[in-house]
file entry_19.pdb (PDB, C-alpha atoms)
ATOM      1  CA  MET A 198    -111.960-199.661 136.870  1.00  0.00           C
ATOM      2  CA  HIS A 199    -114.991-197.521 137.638  1.00  0.00           C
ATOM      3  CA  TYR A 200    -117.102-197.128 134.510  1.00  0.00           C
ATOM      4  CA  LEU A 201    -118.275-200.147 132.451  1.00  0.00           C
ATOM      5  CA  LEU A 202    -120.342-200.550 129.321  1.00  0.00           C
ATOM      6  CA  LEU A 203    -122.465-203.722 129.340  1.00  0.00           C
ATOM      7  CA  ILE A 204    -123.910-204.767 125.966  1.00  0.00           C
ATOM      8  CA  ASP A 205    -126.283-207.739 125.896  1.00  0.00           C
ATOM      9  CA  LYS A 206    -129.580-208.475 124.140  1.00  0.00           C
ATOM     10  CA  ASP A 207    -130.789-210.657 127.047  1.00  0.00           C
ATOM     11  CA  THR A 208    -132.463-207.949 129.138  1.00  0.00           C
ATOM     12  CA  PRO A 209    -132.943-209.994 132.372  1.00  0.00           C
ATOM     13  CA  PHE A 210    -129.337-211.241 132.330  1.00  0.00           C
ATOM     14  CA  ARG A 211    -128.003-207.758 131.513  1.00  0.00           C
ATOM     15  CA  ALA A 212    -130.045-206.179 134.321  1.00  0.00           C
ATOM     16  CA  ARG A 213    -128.884-208.774 136.902  1.00  0.00           C
ATOM     17  CA  LEU A 214    -125.223-208.447 135.936  1.00  0.00           C
ATOM     18  CA  ALA A 215    -125.438-204.636 135.847  1.00  0.00           C
ATOM     19  CA  GLN A 216    -126.976-204.567 139.327  1.00  0.00           C
ATOM     20  CA  ALA A 217    -124.342-206.945 140.692  1.00  0.00           C
ATOM     21  CA  LEU A 218    -121.619-204.687 139.253  1.00  0.00           C
ATOM     22  CA  ARG A 219    -123.310-201.603 140.740  1.00  0.00           C
ATOM     23  CA  ASP A 220    -123.405-203.387 144.097  1.00  0.00           C
ATOM     24  CA  ARG A 221    -119.608-203.456 143.819  1.00  0.00           C
ATOM     25  CA  ARG A 222    -119.603-199.663 143.439  1.00  0.00           C
ATOM     26  CA  LEU A 223    -119.071-199.544 139.684  1.00  0.00           C
ATOM     27  CA  GLU A 224    -120.904-197.241 137.340  1.00  0.00           C
ATOM     28  CA  VAL A 225    -122.545-199.364 134.624  1.00  0.00           C
ATOM     29  CA  VAL A 226    -124.184-198.171 131.441  1.00  0.00           C
ATOM     30  CA  GLU A 227    -126.326-200.750 129.676  1.00  0.00           C
ATOM     31  CA  ALA A 228    -126.902-201.108 125.943  1.00  0.00           C
ATOM     32  CA  GLU A 229    -129.108-203.673 124.252  1.00  0.00           C
ATOM     33  CA  ASN A 230    -127.135-203.796 120.981  1.00  0.00           C
ATOM     34  CA  PRO A 231    -123.958-202.462 119.318  1.00  0.00           C
ATOM     35  CA  ASP A 232    -125.802-199.492 117.779  1.00  0.00           C
ATOM     36  CA  ALA A 233    -126.932-198.278 121.209  1.00  0.00           C
ATOM     37  CA  ALA A 234    -123.407-198.923 122.520  1.00  0.00           C
ATOM     38  CA  ARG A 235    -121.865-196.724 119.827  1.00  0.00           C
ATOM     39  CA  GLY A 236    -123.928-193.804 121.145  1.00  0.00           C
ATOM     40  CA  GLN A 237    -122.672-194.458 124.682  1.00  0.00           C
ATOM     41  CA  LEU A 238    -119.059-194.717 123.486  1.00  0.00           C
ATOM     42  CA  ALA A 239    -119.334-191.342 121.762  1.00  0.00           C
ATOM     43  CA  THR A 240    -120.295-189.560 124.995  1.00  0.00           C
ATOM     44  CA  THR A 241    -117.995-191.144 127.591  1.00  0.00           C
ATOM     45  CA  PRO A 242    -115.330-193.786 126.927  1.00  0.00           C
ATOM     46  CA  PRO A 243    -115.664-196.625 129.468  1.00  0.00           C
ATOM     47  CA  ASP A 244    -112.891-198.294 131.477  1.00  0.00           C
ATOM     48  CA  GLY A 245    -114.051-201.694 130.196  1.00  0.00           C
ATOM     49  CA  ILE A 246    -116.662-203.363 127.999  1.00  0.00           C
ATOM     50  CA  VAL A 247    -118.587-206.601 128.472  1.00  0.00           C
ATOM     51  CA  LEU A 248    -120.514-207.725 125.410  1.00  0.00           C
ATOM     52  CA  ASP A 249    -122.518-210.631 124.100  1.00  0.00           C
ATOM     53  CA  LEU A 250    -121.059-212.580 121.173  1.00  0.00           C
ATOM     54  CA  ARG A 251    -124.205-213.211 119.114  1.00  0.00           C
ATOM     55  CA  TRP A 252    -126.577-210.580 117.726  1.00  0.00           C
ATOM     56  CA  PRO A 253    -129.510-210.733 115.332  1.00  0.00           C
ATOM     57  CA  GLY A 254    -128.340-209.405 111.982  1.00  0.00           C
ATOM     58  CA  GLY A 255    -124.717-209.184 113.047  1.00  0.00           C
ATOM     59  CA  ARG A 256    -121.908-210.763 114.976  1.00  0.00           C
ATOM     60  CA  GLY A 257    -120.264-209.564 118.126  1.00  0.00           C
ATOM     61  CA  LEU A 258    -116.779-210.266 116.779  1.00  0.00           C
ATOM     62  CA  GLU A 259    -117.185-207.601 114.116  1.00  0.00           C
ATOM     63  CA  PHE A 260    -118.007-205.135 116.893  1.00  0.00           C
ATOM     64  CA  VAL A 261    -114.992-206.338 118.909  1.00  0.00           C
ATOM     65  CA  ARG A 262    -112.744-205.591 115.905  1.00  0.00           C
ATOM     66  CA  GLU A 263    -114.359-202.166 115.541  1.00  0.00           C
ATOM     67  CA  LEU A 264    -113.830-201.425 119.242  1.00  0.00           C
ATOM     68  CA  ARG A 265    -110.234-202.615 119.183  1.00  0.00           C
ATOM     69  CA  ALA A 266    -109.443-200.368 116.193  1.00  0.00           C
ATOM     70  CA  THR A 267    -110.434-197.242 118.140  1.00  0.00           C
ATOM     71  CA  HIS A 268    -109.805-198.287 121.763  1.00  0.00           C
ATOM     72  CA  HIS A 269    -106.450-200.086 121.655  1.00  0.00           C
ATOM     73  CA  THR A 270    -105.993-200.868 125.352  1.00  0.00           C
ATOM     74  CA  LEU A 271    -109.605-201.082 126.534  1.00  0.00           C
ATOM     75  CA  PRO A 272    -110.426-204.371 128.301  1.00  0.00           C
ATOM     76  CA  ILE A 273    -113.132-206.163 126.276  1.00  0.00           C
ATOM     77  CA  VAL A 274    -114.745-209.318 127.682  1.00  0.00           C
ATOM     78  CA  VAL A 275    -116.925-211.400 125.382  1.00  0.00           C
ATOM     79  CA  LEU A 276    -119.814-213.400 126.881  1.00  0.00           C
ATOM     80  CA  THR A 277    -121.680-216.187 125.123  1.00  0.00           C
ATOM     81  CA  SER A 278    -124.275-218.829 125.858  1.00  0.00           C
ATOM     82  CA  PHE A 279    -122.805-221.124 123.217  1.00  0.00           C
ATOM     83  CA  GLY A 280    -119.158-221.346 124.152  1.00  0.00           C
ATOM     84  CA  SER A 281    -116.670-223.332 122.144  1.00  0.00           C
ATOM     85  CA  ILE A 282    -112.930-223.470 121.796  1.00  0.00           C
ATOM     86  CA  ALA A 283    -113.156-222.167 118.234  1.00  0.00           C
ATOM     87  CA  THR A 284    -115.176-219.081 119.192  1.00  0.00           C
ATOM     88  CA  ALA A 285    -112.921-218.432 122.185  1.00  0.00           C
ATOM     89  CA  ILE A 286    -109.870-218.395 119.923  1.00  0.00           C
ATOM     90  CA  GLU A 287    -111.671-216.281 117.319  1.00  0.00           C
ATOM     91  CA  SER A 288    -112.744-213.798 120.018  1.00  0.00           C
ATOM     92  CA  VAL A 289    -109.228-213.311 121.333  1.00  0.00           C
ATOM     93  CA  ARG A 290    -107.819-213.010 117.808  1.00  0.00           C
ATOM     94  CA  SER A 291    -110.452-210.348 117.091  1.00  0.00           C
ATOM     95  CA  GLY A 292    -109.224-208.309 120.046  1.00  0.00           C
ATOM     96  CA  ALA A 293    -111.176-209.500 123.085  1.00  0.00           C
ATOM     97  CA  THR A 294    -109.237-209.451 126.338  1.00  0.00           C
ATOM     98  CA  ASP A 295    -111.086-212.530 127.563  1.00  0.00           C
ATOM     99  CA  TYR A 296    -113.962-214.862 126.748  1.00  0.00           C
ATOM    100  CA  LEU A 297    -116.515-216.239 129.221  1.00  0.00           C
ATOM    101  CA  THR A 298    -119.518-218.510 128.908  1.00  0.00           C
ATOM    102  CA  LYS A 299    -122.857-217.561 130.431  1.00  0.00           C
ATOM    103  CA  PRO A 300    -123.913-217.589 133.099  1.00  0.00           C
ATOM    104  CA  ALA A 301    -120.742-215.897 134.271  1.00  0.00           C
ATOM    105  CA  ASP A 302    -120.647-214.716 137.855  1.00  0.00           C
ATOM    106  CA  THR A 303    -119.797-211.114 138.623  1.00  0.00           C
ATOM    107  CA  ASP A 304    -116.431-211.832 140.256  1.00  0.00           C
ATOM    108  CA  THR A 305    -115.305-213.799 137.200  1.00  0.00           C
ATOM    109  CA  VAL A 306    -116.364-210.964 134.871  1.00  0.00           C
ATOM    110  CA  LEU A 307    -114.455-208.433 136.982  1.00  0.00           C
ATOM    111  CA  ALA A 308    -111.369-210.670 137.134  1.00  0.00           C
ATOM    112  CA  ALA A 309    -111.466-211.006 133.339  1.00  0.00           C
ATOM    113  CA  LEU A 310    -111.751-207.223 132.920  1.00  0.00           C
ATOM    114  CA  ARG A 311    -108.839-206.658 135.305  1.00  0.00           C
ATOM    115  CA  GLY A 312    -106.749-209.414 133.715  1.00  0.00           C
ATOM    116  CA  THR A 313    -106.539-211.348 136.974  1.00  0.00           C
ATOM    117  CA  LEU A 314    -108.505-214.441 135.963  1.00  0.00           C
ATOM    118  CA  PRO A 315    -106.521-217.453 137.223  1.00  0.00           C
ATOM    119  CA  ARG A 316    -105.004-219.664 134.537  1.00  0.00           C
ATOM    120  CA  ARG A 317    -103.628-223.185 134.824  1.00  0.00           C
ATOM    121  CA  SER A 318     -99.908-223.089 134.164  1.00  0.00           C
ATOM    122  CA  ARG A 319     -96.746-225.174 134.288  1.00  0.00           C
ATOM    123  CA  PRO A 320     -93.965-224.313 136.719  1.00  0.00           C
ATOM    124  CA  SER A 321     -92.186-222.616 133.789  1.00  0.00           C
ATOM    125  CA  GLY A 322     -95.099-220.137 133.622  1.00  0.00           C
ATOM    126  CA  GLU A 323     -96.417-221.485 130.310  1.00  0.00           C
ATOM    127  CA  VAL A 324    -100.226-221.297 130.307  1.00  0.00           C
ATOM    128  CA  LEU A 325    -101.892-224.648 129.666  1.00  0.00           C
ATOM    129  CA  PRO A 326    -105.092-224.786 127.640  1.00  0.00           C
ATOM    130  CA  GLU A 327    -108.182-226.295 129.217  1.00  0.00           C
ATOM    131  CA  ILE A 328    -108.745-229.766 127.824  1.00  0.00           C
ATOM    132  CA  PRO A 329    -112.462-230.230 127.170  1.00  0.00           C
ATOM    133  CA  SER A 330    -114.243-233.485 127.953  1.00  0.00           C
ATOM    134  CA  LEU A 331    -115.453-235.706 125.146  1.00  0.00           C
ATOM    135  CA  GLY A 332    -119.031-234.707 126.006  1.00  0.00           C
ATOM    136  CA  ARG A 333    -118.119-231.033 125.647  1.00  0.00           C
ATOM    137  CA  VAL A 334    -116.422-231.611 122.278  1.00  0.00           C
ATOM    138  CA  GLU A 335    -119.499-233.516 121.030  1.00  0.00           C
ATOM    139  CA  TRP A 336    -121.816-230.722 122.237  1.00  0.00           C
ATOM    140  CA  GLU A 337    -119.678-228.069 120.506  1.00  0.00           C
ATOM    141  CA  HIS A 338    -119.694-230.062 117.251  1.00  0.00           C
ATOM    142  CA  ILE A 339    -123.482-230.434 117.386  1.00  0.00           C
ATOM    143  CA  GLN A 340    -123.847-226.686 118.008  1.00  0.00           C
ATOM    144  CA  ARG A 341    -121.537-225.892 115.091  1.00  0.00           C
ATOM    145  CA  VAL A 342    -123.486-228.162 112.686  1.00  0.00           C
ATOM    146  CA  LEU A 343    -126.792-226.765 113.944  1.00  0.00           C
ATOM    147  CA  THR A 344    -125.550-223.212 113.340  1.00  0.00           C
ATOM    148  CA  GLU A 345    -124.346-224.125 109.843  1.00  0.00           C
ATOM    149  CA  THR A 346    -127.797-225.520 108.996  1.00  0.00           C
ATOM    150  CA  GLY A 347    -129.549-222.398 110.222  1.00  0.00           C
ATOM    151  CA  GLY A 348    -131.116-224.251 113.153  1.00  0.00           C
ATOM    152  CA  ASN A 349    -132.720-226.918 110.950  1.00  0.00           C
ATOM    153  CA  ILE A 350    -132.805-229.961 113.252  1.00  0.00           C
ATOM    154  CA  SER A 351    -133.726-232.442 110.504  1.00  0.00           C
ATOM    155  CA  GLN A 352    -130.842-231.349 108.274  1.00  0.00           C
ATOM    156  CA  ALA A 353    -128.411-231.273 111.212  1.00  0.00           C
ATOM    157  CA  ALA A 354    -129.488-234.794 112.239  1.00  0.00           C
ATOM    158  CA  ARG A 355    -128.796-236.054 108.707  1.00  0.00           C
ATOM    159  CA  LEU A 356    -125.339-234.430 108.651  1.00  0.00           C
ATOM    160  CA  LEU A 357    -124.532-235.847 112.092  1.00  0.00           C
ATOM    161  CA  ALA A 358    -125.878-239.292 111.138  1.00  0.00           C
ATOM    162  CA  LEU A 359    -128.260-239.202 114.091  1.00  0.00           C
ATOM    163  CA  ASP A 360    -131.926-239.916 114.462  1.00  0.00           C
ATOM    164  CA  ARG A 361    -133.828-236.612 114.713  1.00  0.00           C
ATOM    165  CA  ARG A 362    -135.261-237.556 118.136  1.00  0.00           C
ATOM    166  CA  SER A 363    -131.797-238.502 119.413  1.00  0.00           C
ATOM    167  CA  LEU A 364    -130.492-235.108 118.344  1.00  0.00           C
ATOM    168  CA  GLN A 365    -133.413-233.374 120.067  1.00  0.00           C
ATOM    169  CA  ARG A 366    -132.665-235.272 123.304  1.00  0.00           C
ATOM    170  CA  LYS A 367    -129.006-234.219 123.131  1.00  0.00           C
ATOM    171  CA  LEU A 368    -130.022-230.596 122.536  1.00  0.00           C
ATOM    172  CA  ALA A 369    -132.430-230.671 125.494  1.00  0.00           C
ATOM    173  CA  LYS A 370    -129.559-231.442 127.873  1.00  0.00           C
ATOM    174  CA  ASN A 371    -127.395-228.724 129.372  1.00  0.00           C
ATOM    175  CA  PRO A 372    -123.924-228.485 127.828  1.00  0.00           C
ATOM    176  CA  PRO A 373    -121.156-230.301 129.708  1.00  0.00           C
ATOM    177  CA  MET A 374    -119.135-227.804 131.744  1.00  0.00           C
ATOM    178  CA  ARG A 375    -115.653-228.939 130.614  1.00  0.00           C
TER
END
call {"tool": "encode", "arguments": {"input": "entry_19.pdb", "output": "structure tokens"}}
result
Amino acid sequence: MHYLLLIDKDTPFRARLAQALRDRRLEVVEAENPDAARGQLATTPPDGIVLDLRWPGGRGLEFVRELRATHHTLPIVVLTSFGSIATAIESVRSGATDYLTKPADTDTVLAALRGTLPRRSRPSGEVLPEIPSLGRVEWEHIQRVLTETGGNISQAARLLALDRRSLQRKLAKNPPMR
């Protein structure tokens, strides 16, 4: 793997990850959205793609499906700030090779692109799913309801049967890791 296409709207994060990949002697082309990435794909097909899941006016999974239709074996790693089990499953079903939550370190991104990310497994070789903590499941549910209400905290609080201030306190906390 020598040439990567990195697509992310978060310019500081994209620049840091691109530099870390370049420090590992990889050629990295950056794009700030799928439209810019399409132009890059037309000139030189990359060895792998790392892209953000969420985009204004569009979803990253639609772009993953588009990429998979034309680049059947290309490693595609999806990154997101709002990780959940549901979006991880949806990403892989859409054609992503792997799914990582931000901030993902460079070695983890490279392992995902190469298909060498360690997985928990039984002695039989069957891969075991990660079991999220109750705090993580609650955080994912809150994020899902908040997304469904278009970010309206008052409406989300009503649907969750929470006081608005309680919901704001929960949202101010960092998501549980697992």
call {"tool": "closest_residue", "arguments": {"input": "entry_19.pdb", "among": "A:Ile273, A:Ala234, A:Leu356, A:Ile339", "to": "Leu368 of chain A", "atoms": "only C-alpha atoms"}}
result
A:Ile339
call {"tool": "residues_around", "arguments": {"input": "entry_19.pdb", "residues": "segment 242-249 of chain A", "least_positions_apart": "2", "cutoff": "8 Å", "atoms": "only C-alpha atoms", "output": "list in words"}}
result
Met198, His199, Tyr200, Leu201, Leu202, Leu203, Ile204, Asp205, Lys206, Gln237, Leu238, Ala239, Thr240, Arg251, Trp252, Gly257, Leu271, Pro272, Ile273, Val274, Val275, Leu276, Thr277 and Leu310 of chain A
call {"tool": "atom_distance", "arguments": {"input": "entry_19.pdb", "atom1": "atom CA of Glu335 of chain A", "atom2": "atom CA of Leu359 of chain A"}}
result
12.5 Å
call {"tool": "atom_distance", "arguments": {"input": "entry_19.pdb", "atom1": "atom CA of Glu224 of chain A", "atom2": "atom CA of Ser291 of chain A"}}
result
26.3 Å
call {"tool": "resolve_selection", "arguments": {"input": "entry_19.pdb", "expression": "the PyMOL selection byres ((chain A and resi 213) around 12)", "output": "mmCIF file with C-alpha atoms, in the frame of the given file"}}
result
data_model
loop_
_atom_site.group_PDB
_atom_site.id
_atom_site.type_symbol
_atom_site.label_atom_id
_atom_site.label_comp_id
_atom_site.auth_asym_id
_atom_site.auth_seq_id
_atom_site.Cartn_x
_atom_site.Cartn_y
_atom_site.Cartn_z
ATOM 1 C CA LEU A 203 -122.465 -203.722 129.340
ATOM 2 C CA ASP A 205 -126.283 -207.739 125.896
ATOM 3 C CA ASP A 207 -130.789 -210.657 127.047
ATOM 4 C CA THR A 208 -132.463 -207.949 129.138
ATOM 5 C CA PRO A 209 -132.943 -209.994 132.372
ATOM 6 C CA PHE A 210 -129.337 -211.241 132.330
ATOM 7 C CA ARG A 211 -128.003 -207.758 131.513
ATOM 8 C CA ALA A 212 -130.045 -206.179 134.321
ATOM 9 C CA LEU A 214 -125.223 -208.447 135.936
ATOM 10 C CA ALA A 215 -125.438 -204.636 135.847
ATOM 11 C CA GLN A 216 -126.976 -204.567 139.327
ATOM 12 C CA ALA A 217 -124.342 -206.945 140.692
ATOM 13 C CA LEU A 218 -121.619 -204.687 139.253
ATOM 14 C CA ARG A 219 -123.310 -201.603 140.740
ATOM 15 C CA ASP A 220 -123.405 -203.387 144.097
ATOM 16 C CA VAL A 225 -122.545 -199.364 134.624
ATOM 17 C CA GLU A 227 -126.326 -200.750 129.676
ATOM 18 C CA PRO A 300 -123.913 -217.589 133.099
ATOM 19 C CA ALA A 301 -120.742 -215.897 134.271
ATOM 20 C CA ASP A 302 -120.647 -214.716 137.855
ATOM 21 C CA THR A 303 -119.797 -211.114 138.623
#
call {"tool": "atom_distance", "arguments": {"input": "entry_19.pdb", "atom1": "atom CA of Thr294 of chain A", "atom2": "atom CA of Arg265 of chain A"}}
result
9.9 Å
call {"tool": "closest_residue", "arguments": {"input": "entry_19.pdb", "among": "A:Ala228, A:Leu307, A:Leu250, A:Leu223", "to": "Phe279 of chain A", "atoms": "all atoms listed in the file"}}
result
A:Leu250
call {"tool": "closest_residue", "arguments": {"input": "entry_19.pdb", "among": "A:Arg362, A:Arg290, A:Arg235, A:Arg311", "to": "Leu264 of chain A", "atoms": "only C-alpha atoms"}}
result
A:Arg235
